[in-house]
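Undergrad: The structure's right below; bear with me while I get my questions together.
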Amino acid sequence: MPSVSMTVNGKAVSGDVEGRTLLVEFLREKLRLTGTHVGCDTSQCGACVVHVDGESVKACTMLAAQADGAEVMTIEGLAQGDKLHPMQEAFRENHGLQCGFCTPGMIMSAVDLARNNPDPSEKEIRDWLEGNICRCTGYHNIVKSIKAGAEAMRG
Ligand code: FES
Ligand code: FES
């Protein structure tokens, strides 16, 4: 069994994986970081989005072995102690959470968007969210949250 090593949320981790082990399985099952969700088996829902070397990636589309040596950030790594990340805070304040299942992936995608495009328009946010499915509601409050979160990230 190959062994992989990576940095996850700032901590060096390693473990044995099978060649077919997905990054999302490694995170959830080996590291018990269950904030990254699995919501489909078709790579459509985006519940599994994490950052790999600073870019958002669907963790169900990448093998753990492909992340060998990478810097991975999951939703658990965003807050600083008790202080929520501005994007998490914006979701809380703008009622961007309903059941919360899609939220980790939405937030990780949103943080990547805001880093690349600090002042995204509503259309740009909706385009960016094409790969993230929310089954609870329309996307209105999620879009509002991302707009507010991006603004807060600009400082
Ligand atoms: S679980 Fe990865 S896209 Fe749905
Ligand atoms: S908040 Fe329930 S799936 Fe999006």
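Residue names in the structure tokens use chain letters A, B, ... in the order shown, residue numbers from 1 in each chain, and ligand numbers from 1 in the order shown.
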Taking only residues of chain A that have an atom at most 10 Å from an atom of ligand 1, what is each one's shortest atom pair and its distance in Å to one decimal, using only C-alpha atoms and all ligand atoms, in chain and number order, as a Markdown table?
TA:
```
| residue | atom | partner | partner_atom_place_in_ligand_line | distance |
| --- | --- | --- | --- | --- |
| A:Val24 | CA | ligand 1 | 2 (Fe) | 8.0 |
| A:Thr36 | CA | ligand 1 | 1 (S) | 8.8 |
| A:His37 | CA | ligand 1 | 1 (S) | 6.5 |
| A:Val38 | CA | ligand 1 | 1 (S) | 3.7 |
| A:Gly39 | CA | ligand 1 | 1 (S) | 4.5 |
| A:Cys40 | CA | ligand 1 | 4 (Fe) | 4.0 |
| A:Asp41 | CA | ligand 1 | 4 (Fe) | 5.9 |
| A:Thr42 | CA | ligand 1 | 4 (Fe) | 6.2 |
| A:Ser43 | CA | ligand 1 | 3 (S) | 3.5 |
| A:Gln44 | CA | ligand 1 | 3 (S) | 4.3 |
| A:Cys45 | CA | ligand 1 | 4 (Fe) | 3.9 |
| A:Gly46 | CA | ligand 1 | 3 (S) | 4.0 |
| A:Ala47 | CA | ligand 1 | 1 (S) | 5.4 |
| A:Cys48 | CA | ligand 1 | 2 (Fe) | 4.6 |
| A:Val49 | CA | ligand 1 | 2 (Fe) | 6.9 |
| A:Val50 | CA | ligand 1 | 2 (Fe) | 9.9 |
| A:Val57 | CA | ligand 1 | 2 (Fe) | 9.0 |
| A:Lys58 | CA | ligand 1 | 2 (Fe) | 5.3 |
| A:Ala59 | CA | ligand 1 | 2 (Fe) | 6.0 |
| A:Cys60 | CA | ligand 1 | 2 (Fe) | 4.4 |
| A:Thr61 | CA | ligand 1 | 2 (Fe) | 6.6 |
| A:Met62 | CA | ligand 1 | 2 (Fe) | 9.5 |
| A:Cys102 | CA | ligand 1 | 4 (Fe) | 9.4 |
| A:Gly105 | CA | ligand 1 | 2 (Fe) | 8.9 |
| A:Gly131 | CA | ligand 1 | 3 (S) | 7.5 |
| A:Asn132 | CA | ligand 1 | 3 (S) | 7.6 |
| A:Ile133 | CA | ligand 1 | 4 (Fe) | 8.4 |
```
Undergrad: Keeping N, CA, C and O atoms, export the residues of the selection given above as a CSV table (one decimal), in the first residue's frame.
TA:
```csv
chain,number,residue,atom,x,y,z
A,24,VAL,N,-11.2,12.6,-0.6
A,24,VAL,CA,-12.3,12.8,0.4
A,24,VAL,C,-12.3,11.6,1.3
A,24,VAL,O,-12.6,11.8,2.5
A,36,THR,N,-15.9,17.8,5.5
A,36,THR,CA,-16.0,17.7,4.1
A,36,THR,C,-17.0,16.6,3.7
A,36,THR,O,-16.8,15.4,4.2
A,37,HIS,N,-18.0,16.9,3.0
A,37,HIS,CA,-19.2,16.0,2.8
A,37,HIS,C,-19.1,15.3,1.5
A,37,HIS,O,-18.5,15.8,0.5
A,38,VAL,N,-19.8,14.2,1.4
A,38,VAL,CA,-20.0,13.5,0.1
A,38,VAL,C,-21.5,13.6,-0.2
A,38,VAL,O,-22.3,13.0,0.6
A,39,GLY,N,-21.9,14.2,-1.2
A,39,GLY,CA,-23.3,14.4,-1.5
A,39,GLY,C,-23.8,13.8,-2.8
A,39,GLY,O,-25.0,13.9,-3.2
A,40,CYS,N,-22.9,13.2,-3.5
A,40,CYS,CA,-23.3,12.6,-4.8
A,40,CYS,C,-22.2,11.5,-5.2
A,40,CYS,O,-21.2,11.4,-4.5
A,41,ASP,N,-22.5,10.8,-6.3
A,41,ASP,CA,-21.4,10.0,-6.8
A,41,ASP,C,-21.1,10.3,-8.2
A,41,ASP,O,-20.7,9.4,-9.0
A,42,THR,N,-21.4,11.5,-8.6
A,42,THR,CA,-21.3,11.9,-10.0
A,42,THR,C,-20.4,13.2,-10.1
A,42,THR,O,-20.4,13.8,-11.2
A,43,SER,N,-19.7,13.6,-9.1
A,43,SER,CA,-18.9,14.8,-9.1
A,43,SER,C,-19.6,16.1,-9.4
A,43,SER,O,-19.1,17.0,-10.1
A,44,GLN,N,-20.9,16.1,-9.0
A,44,GLN,CA,-21.7,17.3,-9.4
A,44,GLN,C,-22.0,18.2,-8.2
A,44,GLN,O,-22.3,19.4,-8.4
A,45,CYS,N,-22.0,17.7,-7.0
A,45,CYS,CA,-22.7,18.5,-5.9
A,45,CYS,C,-21.8,19.5,-5.2
A,45,CYS,O,-22.2,20.5,-4.7
A,46,GLY,N,-20.5,19.3,-5.2
A,46,GLY,CA,-19.5,20.2,-4.6
A,46,GLY,C,-19.5,20.2,-3.1
A,46,GLY,O,-18.8,21.1,-2.5
A,47,ALA,N,-20.2,19.3,-2.5
A,47,ALA,CA,-20.2,19.2,-1.0
A,47,ALA,C,-18.8,18.9,-0.5
A,47,ALA,O,-18.5,19.1,0.7
A,48,CYS,N,-18.0,18.3,-1.4
A,48,CYS,CA,-16.6,17.8,-1.0
A,48,CYS,C,-15.5,18.8,-1.3
A,48,CYS,O,-14.3,18.4,-1.2
A,49,VAL,N,-15.8,20.1,-1.6
A,49,VAL,CA,-14.8,21.0,-2.0
A,49,VAL,C,-13.8,21.3,-0.9
A,49,VAL,O,-14.2,21.6,0.2
A,50,VAL,N,-12.5,21.2,-1.1
A,50,VAL,CA,-11.5,21.6,-0.2
A,50,VAL,C,-10.5,22.4,-1.0
A,50,VAL,O,-10.6,22.5,-2.3
A,57,VAL,N,-10.9,22.4,-5.0
A,57,VAL,CA,-10.9,21.1,-5.7
A,57,VAL,C,-12.0,20.3,-5.2
A,57,VAL,O,-12.2,20.3,-4.0
A,58,LYS,N,-12.7,19.5,-6.0
A,58,LYS,CA,-13.7,18.5,-5.5
A,58,LYS,C,-12.9,17.3,-5.0
A,58,LYS,O,-12.2,16.6,-5.8
A,59,ALA,N,-12.9,17.1,-3.7
A,59,ALA,CA,-12.1,16.1,-3.1
A,59,ALA,C,-12.5,14.7,-3.5
A,59,ALA,O,-11.8,13.7,-3.2
A,60,CYS,N,-13.7,14.6,-4.2
A,60,CYS,CA,-14.1,13.2,-4.7
A,60,CYS,C,-13.6,13.0,-6.1
A,60,CYS,O,-13.9,11.9,-6.7
A,61,THR,N,-12.9,14.0,-6.7
A,61,THR,CA,-12.4,13.8,-8.0
A,61,THR,C,-10.9,13.6,-8.0
A,61,THR,O,-10.2,13.6,-9.1
A,62,MET,N,-10.3,13.6,-6.9
A,62,MET,CA,-8.8,13.5,-6.8
A,62,MET,C,-8.4,12.3,-5.9
A,62,MET,O,-9.1,12.1,-4.9
A,102,CYS,N,-24.6,21.3,2.4
A,102,CYS,CA,-23.8,21.8,1.2
A,102,CYS,C,-22.8,22.9,1.7
A,102,CYS,O,-21.9,23.3,1.0
A,105,GLY,N,-18.7,22.9,1.4
A,105,GLY,CA,-18.3,23.0,0.1
A,105,GLY,C,-18.5,24.4,-0.5
A,105,GLY,O,-17.7,25.0,-1.2
A,131,GLY,N,-20.9,24.5,-9.8
A,131,GLY,CA,-20.5,23.2,-9.4
A,131,GLY,C,-20.9,22.8,-8.0
A,131,GLY,O,-20.5,21.8,-7.4
A,132,ASN,N,-21.7,23.7,-7.3
A,132,ASN,CA,-22.1,23.5,-6.0
A,132,ASN,C,-23.6,23.4,-5.9
A,132,ASN,O,-24.3,24.4,-6.2
A,133,ILE,N,-24.2,22.3,-5.5
A,133,ILE,CA,-25.6,22.1,-5.5
A,133,ILE,C,-26.1,22.2,-4.0
A,133,ILE,O,-25.6,21.6,-3.1
```
Undergrad: Go through the chains and note each residue within 9 Å of ligand 2, using only C-alpha atoms and all ligand atoms, then give the set as a list in words.
TA: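 Using only C-alpha atoms and all ligand atoms, everything at most 9 Å from ligand 2 comes to Gly39, Ala47, Gly96, Leu97, Gln98, Cys99, Gly100, Phe101, Cys102, Thr103, Met106, Asn132, Ile133, Cys134, Arg135, Cys136, Thr137, Gly138, Tyr139 and Ile142 of chain A.
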Undergrad: Output C-alpha atoms for every residue in the selection just made, as a PDB file, in the first residue's frame.
TA:
```pdb
ATOM      1  CA  GLY A  39     -23.333  14.394  -1.504  1.00  0.00           C
ATOM      2  CA  ALA A  47     -20.173  19.232  -0.992  1.00  0.00           C
ATOM      3  CA  GLY A  96     -26.816  31.152   4.100  1.00  0.00           C
ATOM      4  CA  LEU A  97     -27.166  27.965   6.142  1.00  0.00           C
ATOM      5  CA  GLN A  98     -30.242  25.825   5.971  1.00  0.00           C
ATOM      6  CA  CYS A  99     -29.575  22.150   6.700  1.00  0.00           C
ATOM      7  CA  GLY A 100     -25.868  22.884   6.365  1.00  0.00           C
ATOM      8  CA  PHE A 101     -25.028  19.853   4.257  1.00  0.00           C
ATOM      9  CA  CYS A 102     -23.756  21.785   1.243  1.00  0.00           C
ATOM     10  CA  THR A 103     -22.286  24.584   3.370  1.00  0.00           C
ATOM     11  CA  MET A 106     -20.034  26.316  -0.612  1.00  0.00           C
ATOM     12  CA  ASN A 132     -22.128  23.455  -5.961  1.00  0.00           C
ATOM     13  CA  ILE A 133     -25.617  22.113  -5.454  1.00  0.00           C
ATOM     14  CA  CYS A 134     -27.856  23.116  -2.563  1.00  0.00           C
ATOM     15  CA  ARG A 135     -30.910  20.952  -2.170  1.00  0.00           C
ATOM     16  CA  CYS A 136     -32.579  23.045   0.522  1.00  0.00           C
ATOM     17  CA  THR A 137     -33.557  26.374  -1.000  1.00  0.00           C
ATOM     18  CA  GLY A 138     -32.974  28.776  -3.788  1.00  0.00           C
ATOM     19  CA  TYR A 139     -29.513  30.258  -3.717  1.00  0.00           C
ATOM     20  CA  ILE A 142     -26.071  31.894  -0.214  1.00  0.00           C
TER      21      ILE A 142
END
```
Undergrad: I'd like the neighbourhood of Thr7 of chain A as a ChimeraX atom specification, where a residue qualifies if any of its atoms comes within 6 Å (using only C-alpha atoms), though same-chain residues fewer than 6 positions away should be ignored.
TA: /A:13,71-72
Undergrad: Measure the distance from atom CA of Ala67 of chain A to atom CA of Trp128 of chain A in Å and round it to one decimal.
TA: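 We find that atom CA of Ala67 of chain A and atom CA of Trp128 of chain A lie 23.4 Å from each other.
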Undergrad: Would you mind listing what lies within 8 Å of Gly54 of chain A as a list in words, with only C-alpha atoms counted and same-chain residues fewer than 2 positions away left out?
TA: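 Returned residues: His51, Val52, Ser56, Glu71, Val72, Met73 and Asp112 of chain A.
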Undergrad: Store the residues picked out above, limited to all heavy atoms, as a short mmCIF file (atom, residue, chain, number, x, y, z; two decimals), in the first residue's frame.
TA:
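The file below, again25.cif, is the result:
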```
data_model
loop_
_atom_site.label_atom_id
_atom_site.label_comp_id
_atom_site.auth_asym_id
_atom_site.auth_seq_id
_atom_site.Cartn_x
_atom_site.Cartn_y
_atom_site.Cartn_z
N HIS A 51 -9.48 22.96 -0.37
CA HIS A 51 -8.42 23.65 -1.12
C HIS A 51 -7.19 22.75 -1.17
O HIS A 51 -6.78 22.19 -0.15
CB HIS A 51 -8.03 24.95 -0.42
CG HIS A 51 -9.12 25.98 -0.43
ND1 HIS A 51 -9.01 27.19 0.21
CD2 HIS A 51 -10.35 25.98 -1.01
CE1 HIS A 51 -10.11 27.89 0.02
NE2 HIS A 51 -10.96 27.18 -0.70
N VAL A 52 -6.64 22.63 -2.34
CA VAL A 52 -5.37 21.91 -2.50
C VAL A 52 -4.39 22.92 -3.10
O VAL A 52 -4.65 23.48 -4.18
CB VAL A 52 -5.54 20.68 -3.42
CG1 VAL A 52 -4.19 20.01 -3.65
CG2 VAL A 52 -6.52 19.68 -2.82
N SER A 56 -9.58 25.64 -5.02
CA SER A 56 -10.68 24.75 -4.66
C SER A 56 -10.72 23.56 -5.61
O SER A 56 -10.54 23.69 -6.83
CB SER A 56 -12.01 25.50 -4.65
OG SER A 56 -12.22 26.18 -5.85
N GLU A 71 -0.51 20.97 0.14
CA GLU A 71 -1.10 21.68 1.30
C GLU A 71 -2.59 21.61 1.11
O GLU A 71 -3.12 22.14 0.12
CB GLU A 71 -0.74 23.17 1.24
CG GLU A 71 0.70 23.50 1.40
CD GLU A 71 1.01 23.97 2.82
OE1 GLU A 71 0.06 24.16 3.61
OE2 GLU A 71 2.20 24.09 3.13
N VAL A 72 -3.28 20.97 2.02
CA VAL A 72 -4.73 20.83 1.91
C VAL A 72 -5.39 21.62 3.03
O VAL A 72 -4.90 21.62 4.16
CB VAL A 72 -5.13 19.33 2.00
CG1 VAL A 72 -6.64 19.16 1.96
CG2 VAL A 72 -4.47 18.54 0.88
N MET A 73 -6.46 22.30 2.68
CA MET A 73 -7.24 23.02 3.71
C MET A 73 -8.67 22.54 3.62
O MET A 73 -9.26 22.51 2.54
CB MET A 73 -7.14 24.52 3.44
CG MET A 73 -8.13 25.37 4.19
SD MET A 73 -7.55 25.85 5.82
CE MET A 73 -6.45 27.18 5.40
N ASP A 112 -12.31 30.67 -2.24
CA ASP A 112 -11.44 30.66 -3.43
C ASP A 112 -11.89 31.75 -4.41
O ASP A 112 -11.06 32.49 -4.95
CB ASP A 112 -11.50 29.27 -4.08
CG ASP A 112 -10.47 29.11 -5.19
OD1 ASP A 112 -9.48 29.88 -5.22
OD2 ASP A 112 -10.63 28.21 -6.04
#
```
Undergrad: Taking 5 positions as the minimum chain separation for residues in the same chain, which residues sit within 9 Å of His85 of chain A when counting only C-alpha atoms? Answer as a VMD selection string.
TA: chain A and resid 78 to 80 90 149 153
Undergrad: Which value, in Å to one decimal, gives the distance between atom CA of Gln88 of chain A and atom CA of Glu124 of chain A?
TA: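 Interatomic distance, atom CA of Gln88 of chain A to atom CA of Glu124 of chain A: 19.4 Å.
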Undergrad: Between A:Gly69, A:Gly35, A:Gly155, A:Pro2, which is the closest to Met87 of chain A once you count only C-alpha atoms?
TA: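 Checking each of A:Gly69, A:Gly35, A:Gly155, A:Pro2 against Met87 of chain A, counting only C-alpha atoms, the winner is A:Gly155.
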Undergrad: Could you please write out, as a list in words, every residue of chain A that DSSP assigns to strand (DSSP E)?
TA: Ser3, Val4, Ser5, Met6, Thr7, Val8, Lys11, Ala12, Val13, Ser14, Gly15, Asp16, Val49, Val50, His51, Val52, Glu55, Ser56, Val57, Lys58, Glu71, Val72 and Met73 of chain A
Undergrad: Can you measure atom CA of Asp68 of chain A to atom CA of Val111 of chain A for me? One decimal in Å is fine.
TA: 23.0 Å
Undergrad: Ranking A:Arg32, A:Lys144, A:Arg92, A:Arg20 by minimum distance to Ala65 of chain A and counting only C-alpha atoms, which one comes first?
TA: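 Distance minimum relative to Ala65 of chain A lands on A:Arg20.
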Undergrad: Once DSSP has gone over the backbone, tell me which residues of chain A are in helix (DSSP H, G or I), as an MDAnalysis selection string.
TA: chainID A and resid 23:30 64:67 75:77 86:93 103:116 122:131 140:154
Undergrad: So, counting only C-alpha atoms, which residue among A:Asn116, A:Thr21, A:Asn141, A:Thr34 is closest to Phe91 of chain A?
TA: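 Ranking A:Asn116, A:Thr21, A:Asn141, A:Thr34 by distance to Phe91 of chain A, first place goes to A:Asn141.
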Undergrad: Which residue gives the smallest distance to Ile107 of chain A among A:Gly81, A:Gly19, A:Pro86, A:Pro120, with only C-alpha atoms counted?
TA: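 Nearest candidate to Ile107 of chain A out of A:Gly81, A:Gly19, A:Pro86, A:Pro120: A:Pro86.
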